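Dropping input_4.txt in here (compact mmCIF, C-alpha atoms and all ligand atoms):
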# COMPACT_ATOMS: atom_id res chain seq x y z
CA MET A 25 -1.45 -78.41 -11.96
CA LYS A 26 -3.20 -81.71 -11.91
CA ASN A 27 -6.71 -80.50 -12.52
CA ILE A 28 -6.73 -79.23 -16.08
CA VAL A 29 -9.84 -79.29 -18.25
CA VAL A 30 -10.13 -78.35 -21.93
CA VAL A 31 -13.66 -77.85 -23.24
CA GLY A 32 -14.15 -78.62 -26.94
CA THR A 33 -12.33 -80.75 -29.52
CA GLY A 34 -12.30 -78.38 -32.51
CA PHE A 35 -8.92 -76.95 -33.54
CA SER A 36 -8.92 -74.46 -30.64
CA GLY A 37 -9.37 -77.11 -27.95
CA ALA A 38 -7.42 -79.91 -29.62
CA VAL A 39 -4.31 -77.81 -30.38
CA ILE A 40 -4.11 -76.51 -26.81
CA ALA A 41 -4.86 -79.90 -25.22
CA ARG A 42 -2.09 -81.51 -27.25
CA LYS A 43 0.41 -78.78 -26.37
CA ILE A 44 -0.34 -78.95 -22.64
CA ALA A 45 -0.06 -82.75 -22.74
CA GLU A 46 3.12 -82.85 -24.79
CA GLU A 47 5.10 -79.70 -24.14
CA LEU A 48 4.18 -79.26 -20.48
CA ASP A 49 3.80 -82.97 -19.77
CA LEU A 50 0.62 -82.41 -17.78
CA PRO A 51 -2.56 -84.51 -17.74
CA VAL A 52 -5.53 -82.97 -19.58
CA LYS A 53 -9.17 -83.90 -19.34
CA VAL A 54 -10.93 -83.00 -22.62
CA ILE A 55 -14.72 -82.65 -22.58
CA GLU A 56 -16.78 -82.59 -25.77
CA LYS A 57 -20.54 -82.28 -25.86
CA ARG A 58 -20.96 -83.78 -29.32
CA ARG A 59 -20.71 -87.52 -29.92
CA HIS A 60 -17.50 -87.04 -31.88
CA ILE A 61 -14.21 -85.13 -31.84
CA ALA A 62 -13.05 -82.51 -34.41
CA GLY A 63 -15.66 -79.79 -33.84
CA ASN A 64 -16.98 -78.31 -37.06
CA MET A 65 -14.25 -80.00 -39.05
CA TYR A 66 -15.72 -83.46 -38.38
CA ASP A 67 -16.00 -85.69 -41.45
CA GLU A 68 -17.02 -89.29 -42.06
CA MET A 69 -17.17 -91.76 -44.94
CA ASP A 70 -20.75 -92.30 -46.09
CA GLU A 71 -22.25 -95.54 -47.43
CA ASN A 72 -21.21 -94.58 -50.98
CA GLY A 73 -17.54 -94.23 -50.11
CA ILE A 74 -17.68 -90.43 -50.13
CA LEU A 75 -15.96 -88.47 -47.37
CA VAL A 76 -18.58 -85.98 -46.19
CA GLN A 77 -17.83 -83.02 -43.93
CA LYS A 78 -20.85 -82.90 -41.67
CA TYR A 79 -20.69 -79.18 -40.83
CA GLY A 80 -20.09 -77.74 -44.28
CA PRO A 81 -17.07 -77.73 -46.60
CA HIS A 82 -13.72 -76.89 -45.01
CA VAL A 83 -10.32 -76.42 -46.65
CA ILE A 84 -7.26 -75.05 -44.86
CA VAL A 85 -6.27 -71.84 -46.62
CA THR A 86 -3.41 -69.77 -45.23
CA ASN A 87 -0.46 -67.57 -46.01
CA ARG A 88 1.46 -69.10 -43.08
CA TRP A 89 3.30 -72.26 -44.04
CA LEU A 90 3.89 -73.02 -40.37
CA VAL A 91 0.17 -73.88 -40.04
CA ILE A 92 0.43 -76.58 -42.71
CA GLU A 93 3.74 -77.80 -41.32
CA TYR A 94 2.20 -78.07 -37.86
CA LEU A 95 -0.73 -80.11 -39.20
CA MET A 96 1.61 -82.37 -41.16
CA GLN A 97 2.72 -83.81 -37.82
CA TYR A 98 -0.73 -85.37 -37.53
CA SER A 99 -1.68 -86.19 -41.12
CA GLU A 100 -0.33 -86.27 -44.62
CA MET A 101 -1.76 -83.29 -46.48
CA PHE A 102 -2.54 -82.72 -50.14
CA LYS A 103 -2.94 -79.52 -52.13
CA HIS A 104 -6.53 -78.59 -52.81
CA ILE A 105 -7.32 -75.22 -54.32
CA VAL A 106 -10.79 -74.00 -53.29
CA LYS A 107 -12.85 -73.18 -56.37
CA GLU A 108 -16.44 -72.03 -56.45
CA LEU A 109 -19.07 -70.82 -58.86
CA SER A 110 -22.11 -68.67 -58.25
CA PHE A 111 -25.42 -69.24 -60.03
CA ILE A 112 -26.76 -65.82 -61.04
CA ASP A 113 -29.60 -65.03 -63.44
CA GLY A 114 -29.60 -68.61 -64.72
CA LYS A 115 -25.87 -68.90 -65.40
CA TYR A 116 -22.78 -70.06 -63.57
CA VAL A 117 -20.23 -67.32 -62.97
CA ARG A 118 -16.89 -67.53 -61.19
CA LEU A 119 -16.72 -66.84 -57.46
CA PRO A 120 -14.75 -64.84 -56.38
CA PHE A 121 -16.23 -62.38 -58.84
CA ASN A 122 -13.32 -61.57 -61.13
CA PHE A 123 -12.69 -60.08 -64.59
CA GLU A 124 -14.22 -63.18 -66.19
CA THR A 125 -17.41 -62.50 -64.19
CA VAL A 126 -17.45 -58.90 -65.44
CA GLN A 127 -17.53 -60.25 -68.99
CA GLN A 128 -20.22 -62.78 -68.09
CA LEU A 129 -22.48 -60.28 -66.33
CA VAL A 130 -22.22 -57.15 -68.48
CA GLY A 131 -21.03 -58.59 -71.81
CA GLU A 132 -17.62 -58.23 -73.44
CA ARG A 133 -18.25 -54.81 -75.02
CA HIS A 134 -19.02 -53.05 -71.68
CA ALA A 135 -16.51 -55.21 -69.86
CA GLU A 136 -13.60 -53.76 -71.85
CA ASN A 137 -14.13 -50.25 -70.47
CA LEU A 138 -14.97 -51.47 -66.97
CA ILE A 139 -11.98 -53.78 -66.63
CA ALA A 140 -9.70 -50.95 -67.79
CA LYS A 141 -11.16 -48.75 -65.05
CA PHE A 142 -10.70 -51.48 -62.43
CA ARG A 143 -7.07 -51.94 -63.46
CA LYS A 144 -6.38 -48.21 -63.13
CA GLU A 145 -8.37 -47.58 -59.96
CA TYR A 146 -7.20 -50.63 -58.00
CA CYS A 147 -3.70 -50.98 -59.46
CA GLY A 148 -1.61 -53.18 -57.16
CA ARG A 149 -4.62 -54.53 -55.26
CA ASP A 150 -5.35 -58.21 -55.48
CA ARG A 151 -8.92 -58.16 -54.10
CA VAL A 152 -11.38 -55.36 -53.37
CA PRO A 153 -14.47 -55.66 -51.11
CA VAL A 154 -17.79 -55.12 -52.86
CA LEU A 155 -18.72 -52.18 -50.62
CA GLU A 156 -15.65 -50.34 -51.83
CA LEU A 157 -16.91 -50.78 -55.39
CA VAL A 158 -20.39 -49.59 -54.40
CA ASN A 159 -18.94 -46.46 -52.79
CA ASN A 160 -16.53 -45.60 -55.59
CA PRO A 161 -17.24 -42.11 -57.07
CA ASP A 162 -16.87 -43.47 -60.62
CA PRO A 163 -20.45 -44.20 -61.73
CA ASP A 164 -19.46 -47.26 -63.82
CA ILE A 165 -17.52 -48.91 -60.98
CA SER A 166 -20.22 -48.06 -58.48
CA ALA A 167 -22.96 -49.40 -60.81
CA TYR A 168 -21.10 -52.69 -61.18
CA GLY A 169 -20.59 -52.87 -57.40
CA ASN A 170 -24.33 -52.33 -56.97
CA LEU A 171 -25.11 -55.02 -59.51
CA LEU A 172 -23.01 -57.56 -57.55
CA PHE A 173 -24.46 -56.33 -54.29
CA GLU A 174 -28.09 -56.59 -55.39
CA LYS A 175 -27.82 -59.84 -57.33
CA ALA A 176 -25.52 -61.72 -54.99
CA TYR A 177 -24.45 -60.19 -51.67
CA ARG A 178 -27.78 -58.81 -50.52
CA PRO A 179 -29.94 -61.91 -51.23
CA TYR A 180 -27.20 -64.28 -49.99
CA CYS A 181 -26.70 -62.33 -46.75
CA ALA A 182 -30.44 -61.94 -46.20
CA LYS A 183 -30.79 -65.74 -46.17
CA GLN A 184 -27.56 -66.41 -44.35
CA TRP A 185 -27.98 -63.91 -41.54
CA ASP A 186 -31.67 -63.06 -41.37
CA VAL A 187 -30.94 -59.53 -40.16
CA PRO A 188 -30.96 -56.34 -42.28
CA VAL A 189 -27.79 -56.44 -44.37
CA ASP A 190 -26.93 -52.86 -43.33
CA SER A 191 -26.68 -53.89 -39.67
CA LEU A 192 -24.05 -56.57 -40.34
CA ASP A 193 -20.47 -55.96 -39.33
CA LYS A 194 -18.31 -54.78 -42.24
CA SER A 195 -15.97 -57.77 -41.72
CA ILE A 196 -18.78 -60.05 -42.90
CA MET A 197 -19.49 -58.07 -46.07
CA ASP A 198 -15.76 -57.98 -46.83
CA ARG A 199 -15.37 -61.75 -46.76
CA VAL A 200 -15.55 -62.56 -50.46
CA PRO A 201 -13.98 -59.56 -52.21
CA MET A 202 -13.76 -59.20 -55.98
CA ALA A 203 -10.53 -60.40 -57.62
CA MET A 204 -8.88 -57.66 -59.71
CA SER A 205 -7.63 -60.26 -62.19
CA TYR A 206 -8.73 -63.56 -63.69
CA ASP A 207 -7.71 -65.38 -60.46
CA GLU A 208 -10.13 -68.29 -59.98
CA ARG A 209 -9.11 -69.22 -56.43
CA TYR A 210 -11.97 -68.61 -54.03
CA MET A 211 -9.49 -67.39 -51.41
CA ASN A 212 -6.26 -65.66 -52.40
CA LYS A 213 -4.19 -67.56 -49.88
CA ASP A 214 -0.85 -69.09 -50.80
CA PHE A 215 -1.28 -72.52 -49.24
CA GLN A 216 -4.50 -74.48 -49.68
CA PHE A 217 -4.56 -78.01 -48.29
CA LEU A 218 -6.72 -80.85 -47.04
CA PRO A 219 -5.74 -83.76 -44.82
CA LYS A 220 -5.29 -86.85 -47.04
CA TYR A 221 -7.52 -89.11 -44.93
CA GLY A 222 -9.91 -86.43 -43.69
CA PHE A 223 -10.09 -84.08 -40.71
CA THR A 224 -11.39 -86.61 -38.19
CA ALA A 225 -8.34 -88.83 -38.77
CA LEU A 226 -6.09 -85.81 -38.25
CA PHE A 227 -7.85 -84.91 -34.99
CA ASN A 228 -7.63 -88.52 -33.82
CA ASN A 229 -3.86 -88.34 -34.14
CA MET A 230 -3.66 -84.91 -32.55
CA LEU A 231 -5.64 -86.00 -29.50
CA ASN A 232 -3.91 -89.36 -29.22
CA HIS A 233 -1.49 -88.73 -26.34
CA PRO A 234 -1.06 -90.62 -23.06
CA ASN A 235 -1.67 -87.42 -21.06
CA ILE A 236 -5.04 -86.77 -22.76
CA SER A 237 -8.32 -88.37 -21.72
CA ILE A 238 -11.49 -87.55 -23.65
CA SER A 239 -15.11 -87.61 -22.60
CA LEU A 240 -17.60 -87.38 -25.50
CA ASN A 241 -21.30 -86.62 -25.46
CA ASP A 242 -20.64 -84.71 -22.28
CA ASP A 243 -21.65 -81.08 -21.74
CA ALA A 244 -18.92 -79.43 -19.66
CA LEU A 245 -21.47 -77.02 -18.23
CA ASN A 246 -23.02 -79.91 -16.31
CA HIS A 247 -19.72 -80.19 -14.42
CA ILE A 248 -18.45 -76.61 -14.14
CA THR A 249 -19.42 -74.23 -11.34
CA LEU A 250 -18.15 -70.68 -11.19
CA ASP A 251 -17.75 -69.26 -7.71
CA SER A 252 -18.08 -65.55 -8.48
CA ASP A 253 -17.51 -64.49 -4.86
CA ASN A 254 -14.05 -66.03 -4.73
CA ASN A 255 -13.32 -66.16 -8.49
CA LYS A 256 -12.73 -69.88 -8.43
CA ILE A 257 -13.74 -72.57 -10.87
CA PHE A 258 -14.94 -76.01 -9.82
CA PHE A 259 -15.38 -79.18 -11.83
CA ASP A 260 -17.64 -81.76 -10.20
CA GLY A 261 -17.07 -79.94 -6.91
CA GLU A 262 -13.25 -80.00 -7.14
CA GLU A 263 -11.34 -76.78 -7.67
CA LEU A 264 -9.77 -76.55 -11.13
CA ASP A 265 -6.17 -75.49 -11.66
CA LEU A 266 -6.85 -74.49 -15.25
CA LEU A 267 -9.85 -74.28 -17.53
CA VAL A 268 -9.46 -73.85 -21.30
CA TYR A 269 -12.87 -73.11 -22.71
CA THR A 270 -13.73 -73.07 -26.43
CA GLY A 271 -17.54 -72.98 -26.15
CA ALA A 272 -19.77 -69.88 -26.19
CA LEU A 273 -19.12 -67.39 -23.37
CA ASP A 274 -22.79 -66.54 -22.82
CA GLU A 275 -23.42 -70.21 -21.99
CA LEU A 276 -20.50 -70.34 -19.56
CA PHE A 277 -21.88 -67.32 -17.70
CA ASN A 278 -25.45 -68.52 -17.77
CA MET A 279 -26.65 -65.78 -20.18
CA LYS A 280 -25.95 -63.13 -17.54
CA TYR A 281 -25.72 -60.33 -20.13
CA GLY A 282 -28.10 -61.88 -22.63
CA GLU A 283 -27.70 -64.27 -25.51
CA LEU A 284 -24.99 -64.12 -28.17
CA PRO A 285 -26.79 -65.07 -31.40
CA TYR A 286 -25.52 -67.56 -33.96
CA ARG A 287 -26.83 -68.77 -37.27
CA SER A 288 -26.92 -72.42 -38.08
CA LEU A 289 -27.21 -74.56 -41.19
CA ASN A 290 -29.64 -77.34 -41.87
CA ILE A 291 -27.70 -79.50 -44.32
CA GLN A 292 -29.64 -81.87 -46.58
CA TYR A 293 -27.95 -84.65 -48.55
CA GLU A 294 -29.02 -86.10 -51.85
CA TRP A 295 -27.32 -88.95 -53.73
CA PHE A 296 -27.18 -89.04 -57.52
CA ASP A 297 -26.30 -92.03 -59.67
CA LYS A 298 -23.91 -89.85 -61.68
CA GLU A 299 -20.16 -89.33 -61.91
CA GLN A 300 -20.58 -85.57 -61.52
CA VAL A 301 -23.67 -83.43 -60.88
CA TYR A 302 -22.46 -79.81 -60.93
CA PRO A 303 -19.76 -77.98 -62.92
CA GLU A 304 -17.80 -77.08 -59.77
CA LYS A 305 -17.37 -78.68 -56.33
CA ILE A 306 -18.93 -75.77 -54.45
CA ILE A 307 -21.68 -73.57 -55.87
CA SER A 308 -23.25 -70.53 -54.28
CA PHE A 309 -26.94 -69.88 -55.02
CA PRO A 310 -27.67 -66.31 -53.86
CA GLN A 311 -31.02 -66.13 -55.69
CA ALA A 312 -32.35 -69.59 -54.81
CA ASP A 313 -35.25 -70.06 -52.48
CA GLY A 314 -34.11 -70.98 -48.95
CA TYR A 315 -30.69 -72.47 -49.61
CA THR A 316 -27.31 -70.80 -50.12
CA ARG A 317 -24.75 -73.38 -51.23
CA LYS A 318 -24.26 -76.86 -52.63
CA THR A 319 -21.16 -78.98 -52.21
CA GLU A 320 -20.18 -82.05 -54.19
CA TYR A 321 -17.89 -83.70 -51.64
CA LYS A 322 -16.54 -86.36 -53.94
CA PHE A 323 -14.34 -83.70 -55.53
CA MET A 324 -12.80 -82.73 -52.23
CA MET A 325 -11.34 -86.20 -51.64
CA TYR A 326 -7.72 -87.23 -52.11
CA ASP A 327 -8.83 -90.47 -53.73
CA ASN A 328 -12.43 -90.85 -54.91
CA SER A 329 -11.84 -93.88 -57.14
CA LYS A 330 -14.04 -96.05 -54.91
CA ALA A 331 -16.91 -93.55 -54.64
CA LYS A 332 -20.28 -94.66 -55.98
CA GLY A 333 -22.25 -91.89 -57.71
CA SER A 334 -22.08 -88.46 -56.13
CA VAL A 335 -23.56 -86.85 -53.06
CA ILE A 336 -24.70 -83.22 -52.92
CA ALA A 337 -24.98 -81.35 -49.63
CA THR A 338 -27.33 -78.36 -49.70
CA GLU A 339 -27.07 -75.71 -46.97
CA TYR A 340 -30.27 -74.12 -45.65
CA PRO A 341 -29.43 -71.28 -43.22
CA THR A 342 -31.57 -71.27 -40.13
CA ALA A 343 -31.68 -69.82 -36.64
CA TYR A 344 -29.54 -71.47 -33.99
CA VAL A 345 -31.65 -72.26 -30.99
CA LYS A 346 -29.72 -73.08 -27.84
CA GLY A 347 -30.27 -76.59 -26.55
CA GLU A 348 -31.59 -77.84 -29.89
CA GLU A 349 -29.87 -80.25 -32.19
CA LEU A 350 -28.39 -77.96 -34.87
CA ALA A 351 -24.97 -76.57 -34.02
CA PRO A 352 -24.00 -72.88 -33.83
CA PHE A 353 -22.13 -72.04 -37.05
CA TYR A 354 -21.76 -68.32 -37.61
CA PRO A 355 -21.72 -65.61 -34.90
CA VAL A 356 -24.12 -62.81 -35.84
CA ILE A 357 -21.72 -59.89 -35.39
CA THR A 358 -23.33 -56.47 -35.02
CA ASP A 359 -22.41 -53.45 -32.87
CA ASP A 360 -24.86 -54.61 -30.26
CA THR A 361 -23.65 -58.23 -30.06
CA LYS A 362 -19.99 -57.12 -30.02
CA LYS A 363 -20.76 -54.99 -26.93
CA ARG A 364 -22.49 -57.91 -25.26
CA HIS A 365 -19.56 -60.18 -26.00
CA ASN A 366 -17.16 -57.63 -24.49
CA MET A 367 -19.16 -57.74 -21.26
CA TYR A 368 -18.63 -61.49 -21.10
CA CYS A 369 -14.90 -61.00 -21.78
CA GLU A 370 -14.68 -58.57 -18.84
CA GLU A 371 -16.46 -61.12 -16.65
CA ALA A 372 -14.02 -63.85 -17.75
CA LYS A 373 -11.04 -61.73 -16.65
CA ARG A 374 -12.07 -62.24 -13.03
CA TYR A 375 -10.99 -65.88 -13.23
CA LYS A 376 -7.21 -65.94 -13.48
CA ASN A 377 -7.07 -69.59 -14.43
CA LEU A 378 -9.71 -69.35 -17.18
CA PHE A 379 -8.39 -69.20 -20.75
CA TYR A 380 -10.82 -69.05 -23.62
CA CYS A 381 -10.43 -69.04 -27.38
CA GLY A 382 -11.98 -70.14 -30.66
CA ARG A 383 -14.77 -69.06 -32.95
CA LEU A 384 -17.42 -69.54 -30.26
CA ALA A 385 -15.66 -68.06 -27.22
CA ASP A 386 -14.08 -65.19 -29.17
CA PHE A 387 -17.36 -64.65 -31.07
CA ARG A 388 -15.34 -64.25 -34.25
CA TYR A 389 -15.67 -65.48 -37.78
CA TYR A 390 -12.28 -67.25 -37.66
CA ASN A 391 -10.86 -69.33 -40.42
CA MET A 392 -9.07 -72.44 -39.26
CA ASP A 393 -5.59 -70.97 -39.71
CA ASP A 394 -6.48 -67.96 -37.52
CA CYS A 395 -7.92 -70.36 -35.02
CA ILE A 396 -4.78 -72.49 -34.90
CA LEU A 397 -2.47 -69.47 -34.70
CA HIS A 398 -4.59 -67.94 -31.95
CA ALA A 399 -4.53 -71.25 -30.06
CA PHE A 400 -0.71 -71.13 -30.23
CA GLU A 401 -0.82 -67.64 -28.64
CA VAL A 402 -3.21 -68.72 -25.92
CA PHE A 403 -1.00 -71.71 -25.19
CA GLU A 404 1.95 -69.31 -24.66
CA GLU A 405 -0.19 -67.37 -22.15
CA ILE A 406 -1.06 -70.64 -20.41
CA LYS A 407 2.61 -71.64 -20.29
CA ASN A 408 3.53 -68.29 -18.71
CA TYR A 409 0.73 -68.67 -16.21
CA ILE A 410 1.88 -72.15 -15.25
CA ASN A 411 5.53 -71.10 -15.07
CA LYS A 412 4.64 -68.18 -12.78
CA ASN A 413 2.41 -70.19 -10.54
CA GLY A 414 4.28 -73.48 -10.55
CA LYS A 415 2.85 -76.87 -11.20
CA THR A 416 1.17 -76.76 -7.82
CA GLY A 417 -1.13 -73.89 -8.86
CA GLY A 418 -1.53 -70.24 -7.81
CA VAL A 419 -3.30 -67.06 -8.71
CA GLU A 420 -0.85 -64.69 -10.38
CA ARG A 421 -1.40 -63.85 -14.07
C1 LIG A 501 -19.98 -73.85 -43.02
C2 LIG A 501 -18.61 -73.42 -42.59
C3 LIG A 501 -17.55 -73.59 -43.47
C4 LIG A 501 -16.27 -73.20 -43.10
N1 LIG A 501 -15.25 -73.38 -43.99
C5 LIG A 501 -14.01 -73.04 -43.64
C6 LIG A 501 -12.92 -73.22 -44.57
O1 LIG A 501 -13.10 -73.72 -45.69
N2 LIG A 501 -11.69 -72.84 -44.17
C7 LIG A 501 -11.44 -72.32 -42.92
O2 LIG A 501 -10.28 -72.03 -42.63
N3 LIG A 501 -12.44 -72.16 -42.03
C8 LIG A 501 -13.71 -72.50 -42.35
N4 LIG A 501 -14.73 -72.34 -41.43
C9 LIG A 501 -14.40 -71.88 -40.08
C10 LIG A 501 -14.04 -73.06 -39.15
O3 LIG A 501 -15.16 -73.91 -39.04
C11 LIG A 501 -13.61 -72.53 -37.78
O4 LIG A 501 -12.44 -71.78 -37.92
C12 LIG A 501 -13.35 -73.66 -36.79
O5 LIG A 501 -14.48 -74.50 -36.67
C13 LIG A 501 -13.06 -73.13 -35.44
O6 LIG A 501 -12.69 -74.17 -34.56
P1 LIG A 501 -13.02 -74.05 -33.02
O7 LIG A 501 -12.28 -75.12 -32.32
O8 LIG A 501 -12.82 -72.66 -32.54
O9 LIG A 501 -14.60 -74.27 -32.95
P2 LIG A 501 -15.46 -75.60 -33.15
O10 LIG A 501 -14.94 -76.38 -34.30
O11 LIG A 501 -16.86 -75.20 -33.18
O12 LIG A 501 -15.19 -76.41 -31.83
C14 LIG A 501 -15.78 -76.06 -30.58
C15 LIG A 501 -16.15 -77.36 -29.90
O13 LIG A 501 -16.53 -77.07 -28.56
C16 LIG A 501 -17.60 -77.93 -28.23
N5 LIG A 501 -18.33 -77.34 -27.09
C17 LIG A 501 -18.94 -76.14 -27.03
N6 LIG A 501 -19.53 -75.97 -25.83
C18 LIG A 501 -19.28 -77.08 -25.10
C19 LIG A 501 -19.63 -77.51 -23.80
N7 LIG A 501 -20.38 -76.76 -22.99
N8 LIG A 501 -19.21 -78.72 -23.38
C20 LIG A 501 -18.45 -79.52 -24.20
N9 LIG A 501 -18.10 -79.18 -25.45
C21 LIG A 501 -18.51 -77.97 -25.90
C22 LIG A 501 -18.43 -77.97 -29.49
O14 LIG A 501 -19.29 -79.07 -29.50
C23 LIG A 501 -17.35 -78.03 -30.56
O15 LIG A 501 -17.02 -79.37 -30.89
C24 LIG A 501 -16.03 -72.65 -41.81
C25 LIG A 501 -17.11 -72.48 -40.94
C26 LIG A 501 -18.37 -72.84 -41.32
C27 LIG A 501 -19.51 -72.63 -40.37

Let me see the structure of the file written as structure tokens.
Ligand SMILES: Cc1cc2nc3c(=O)[nH]c(=O)nc-3n(C[C@H](O)[C@H](O)[C@H](O)COP(=O)(O)OP(=O)(O)OC[C@H]3O[C@@H](n4cnc5c(N)ncnc54)[C@H](O)[C@@H]3O)c2cc1C
Amino acid sequence: MKNIVVVGTGFSGAVIARKIAEELDLPVKVIEKRRHIAGNMYDEMDENGILVQKYGPHVIVTNRWLVIEYLMQYSEMFKHIVKELSFIDGKYVRLPFNFETVQQLVGERHAENLIAKFRKEYCGRDRVPVLELVNNPDPDISAYGNLLFEKAYRPYCAKQWDVPVDSLDKSIMDRVPMAMSYDERYMNKDFQFLPKYGFTALFNNMLNHPNISISLNDDALNHITLDSDNNKIFFDGEELDLLVYTGALDELFNMKYGELPYRSLNIQYEWFDKEQVYPEKIISFPQADGYTRKTEYKFMMYDNSKAKGSVIATEYPTAYVKGEELAPFYPVITDDTKKRHNMYCEEAKRYKNLFYCGRLADFRYYNMDDCILHAFEVFEEIKNYINKNGKTGGVER
């Protein structure tokens, strides 16, 4: 096993590369097509001393402490509870929508009856997806679900996804459920952390191992050839012992079954000579023209005492066009695209030494903790494969 390539330096690629290098003591060549490591978690300090995450705001939120403990090997971490507001009908309301939002949107008098109904109907449930509210037989609950749906979910999704909202996979609509309490945390996960010195510093430490070599600004597909007659993989003409791939599967297989669509974000930055611009660090704007969210990064830093003014990043959803500059952000998951992705997965099975994972290859809307946990699982599969086939390579899986 001397010819091992890992494609991608996001969490999926970096976690597996580090484990192969450290736990299996094997050399790993890591290829990254961007000019930097860390995938979508990449951040950098701007000229105003503000740590900006270049691909949108990321916080590690998880119920599994082992994820945080694992990351603590590579960076000190600090607690950071994700909080958001949504700007609806000219006022800021809490996101996730919660009992406070009910009061804000329908007024205290109506809220009393409605909150009592929510407490009874969803007793013991922490969060409830908006579509469940919409479909509830109680006309008051359903009317409130519809109000949230029409004022927030529908316009937000229309901009974000640019496909009819009804065709979107239910998992997408279920992503920001209503809190059946006054809980203000955007995600109801027990552990919410950020790396003290940023994600890029964490990734630098994770990838810093004598068995790992990294090539940046390098598209792996310019090196990889798949021999579909013999089910072998070549890298610059040499047969690979193992390929770990965290890019998009349609690209690996040359669009054989058609394109897997992604949405992207065009992120615009604006600096303000102010201590604070918005009332919360992340604000969703479902009704705004063209953009969906604004982030005030200064308030996601461990220490912002040296920051000058404040920078606001505004996210404009847009199509992802392969080969162009903007990165793929969100897989557009519909029945049709799931089927197409499955065809690529079947194709991938032909190559016994090909392991793929991550939000691109799995065509899933993973959070980072899912991504890390899934990378652990894939590493176990890789370890079994290597143990079965020996360090000199083989074909059994
Ligand atoms: C705006 C936004 C906000 C998010 N916020 C959160 C959050 O707060 N909390 C959370 O848990 N999750 C969040 N996520 C999800 C999180 O970004 C993903 O879980 C994570 O990026 C997945 O990591 P990955 O390694 O699978 O993919 P990526 O980070 O995308 O890494 C894949 C890497 O592979 C490289 N690559 C692809 N093809 C090739 C090729 N042919 N050759 C070489 N390199 C290649 C890419 O350039 C990329 O660097 C958010 C996602 C988005 C879009």

Problem set entry | Distance in Å - CA of Leu397 (chain A) versus CA of Val356 (chain A) |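 Those two atoms sit 22.7 Å apart.
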
For this session: Compute the set of protein, DNA and RNA residues whose minimum atom distance to ligand LIG 501 (chain A) is at most 7 Å, using only C-alpha atoms and all ligand atoms, and state it as a ChimeraX atom specification.
Result: /A:31-37,55-58,61-65,79-85,242-245,270-272,353-354,381-384,389-393,395

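Residue nearest Glu93 (chain A), chosen from A:Pro219, A:Asn413, A:Met204, A:Phe277 and counting only C-alpha atoms: A:Pro219.
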
Exercise. With all atoms listed in the file as the atoms that count, which of A:Lys26, A:Arg388, A:His247, A:Arg42 lies nearest to Asn229 (chain A)?
Worked result: A:Arg42

For this session: Mind checking which residues fall within 12 Å of Ser195 (chain A), counting only C-alpha atoms, ignoring those fewer than 2 positions away in the same chain, and posting them as a PyMOL selection string?
Result: chain A and resi 153-155+191-193+197-201+355-359+388-390

What lies within 12 Å of Met96 (chain A) using only C-alpha atoms, ignoring chain neighbours under 6 positions off, as a PDB file with C-alpha atoms, in the coordinates of the input?
ATOM      1  CA  TRP A  89       3.300 -72.260 -44.040  1.00  0.00           C
ATOM      2  CA  LEU A  90       3.890 -73.020 -40.370  1.00  0.00           C
ATOM      3  CA  PHE A 102      -2.540 -82.720 -50.140  1.00  0.00           C
ATOM      4  CA  PHE A 217      -4.560 -78.010 -48.290  1.00  0.00           C
ATOM      5  CA  LEU A 218      -6.720 -80.850 -47.040  1.00  0.00           C
ATOM      6  CA  PRO A 219      -5.740 -83.760 -44.820  1.00  0.00           C
ATOM      7  CA  LYS A 220      -5.290 -86.850 -47.040  1.00  0.00           C
ATOM      8  CA  TYR A 221      -7.520 -89.110 -44.930  1.00  0.00           C
ATOM      9  CA  PHE A 223     -10.090 -84.080 -40.710  1.00  0.00           C
ATOM     10  CA  LEU A 226      -6.090 -85.810 -38.250  1.00  0.00           C
ATOM     11  CA  PHE A 227      -7.850 -84.910 -34.990  1.00  0.00           C
ATOM     12  CA  ASN A 229      -3.860 -88.340 -34.140  1.00  0.00           C
ATOM     13  CA  MET A 230      -3.660 -84.910 -32.550  1.00  0.00           C
TER      14      MET A 230
END

Problem set entry | Near-Gln128 (chain A) list (12 Å; only C-alpha atoms; drop same-chain fewer than 2 positions) as a VMD selection string | chain A and resid 110 to 119 121 to 126 130 to 136

Problem set entry | Neighbours of point (-32.1, -70.0, -36.7) within 7 Å, using only C-alpha atoms, written as a PyMOL selection string | chain A and resi 287-288+342-345

Axis-aligned box over every listed atom of region 51-66 of chain A, padded by 3 Å per side: centre and edges in Å to one decimal, as lines of an AutoDock Vina configuration file?
center_x = -11.8
center_y = -82.9
center_z = -28.4
size_x = 24.4
size_y = 15.2
size_z = 27.3

For this session: Rank A:Ser308, A:Asn290, A:Asn255, A:Leu273 by their smallest atom-to-atom distance to Arg374 (chain A), using all atoms listed in the file, and report the top residue only.
Result: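 For Arg374 (chain A), the nearest of the candidates is A:Asn255.
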
Exercise. If you count only C-alpha atoms, which residues fall within 12 Å of Asn278 (chain A), apart from same-chain ones fewer than 3 positions away, as a ChimeraX atom specification?
Worked result: /A:245-246,248-250,272-275,281-284,346,368,371

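Among the candidates A:Ile74, A:Ala312, A:Leu240, A:Ile28, the one nearest to Ala41 (chain A) when counting only C-alpha atoms is A:Ile28.
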
Problem set entry | Of the listed residues A:Glu339, A:Glu370, A:Glu46, A:Glu145, that which approaches Glu320 (chain A) most closely, counting all atoms listed in the file | A:Glu339

Exercise. Which is closer to Lys103 (chain A) than all the others in A:Leu129, A:Met211, A:Met325, A:Ala140, using all atoms listed in the file?
Worked result: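 Going through A:Leu129, A:Met211, A:Met325, A:Ala140 one by one, the smallest distance to Lys103 (chain A) is for A:Met325.
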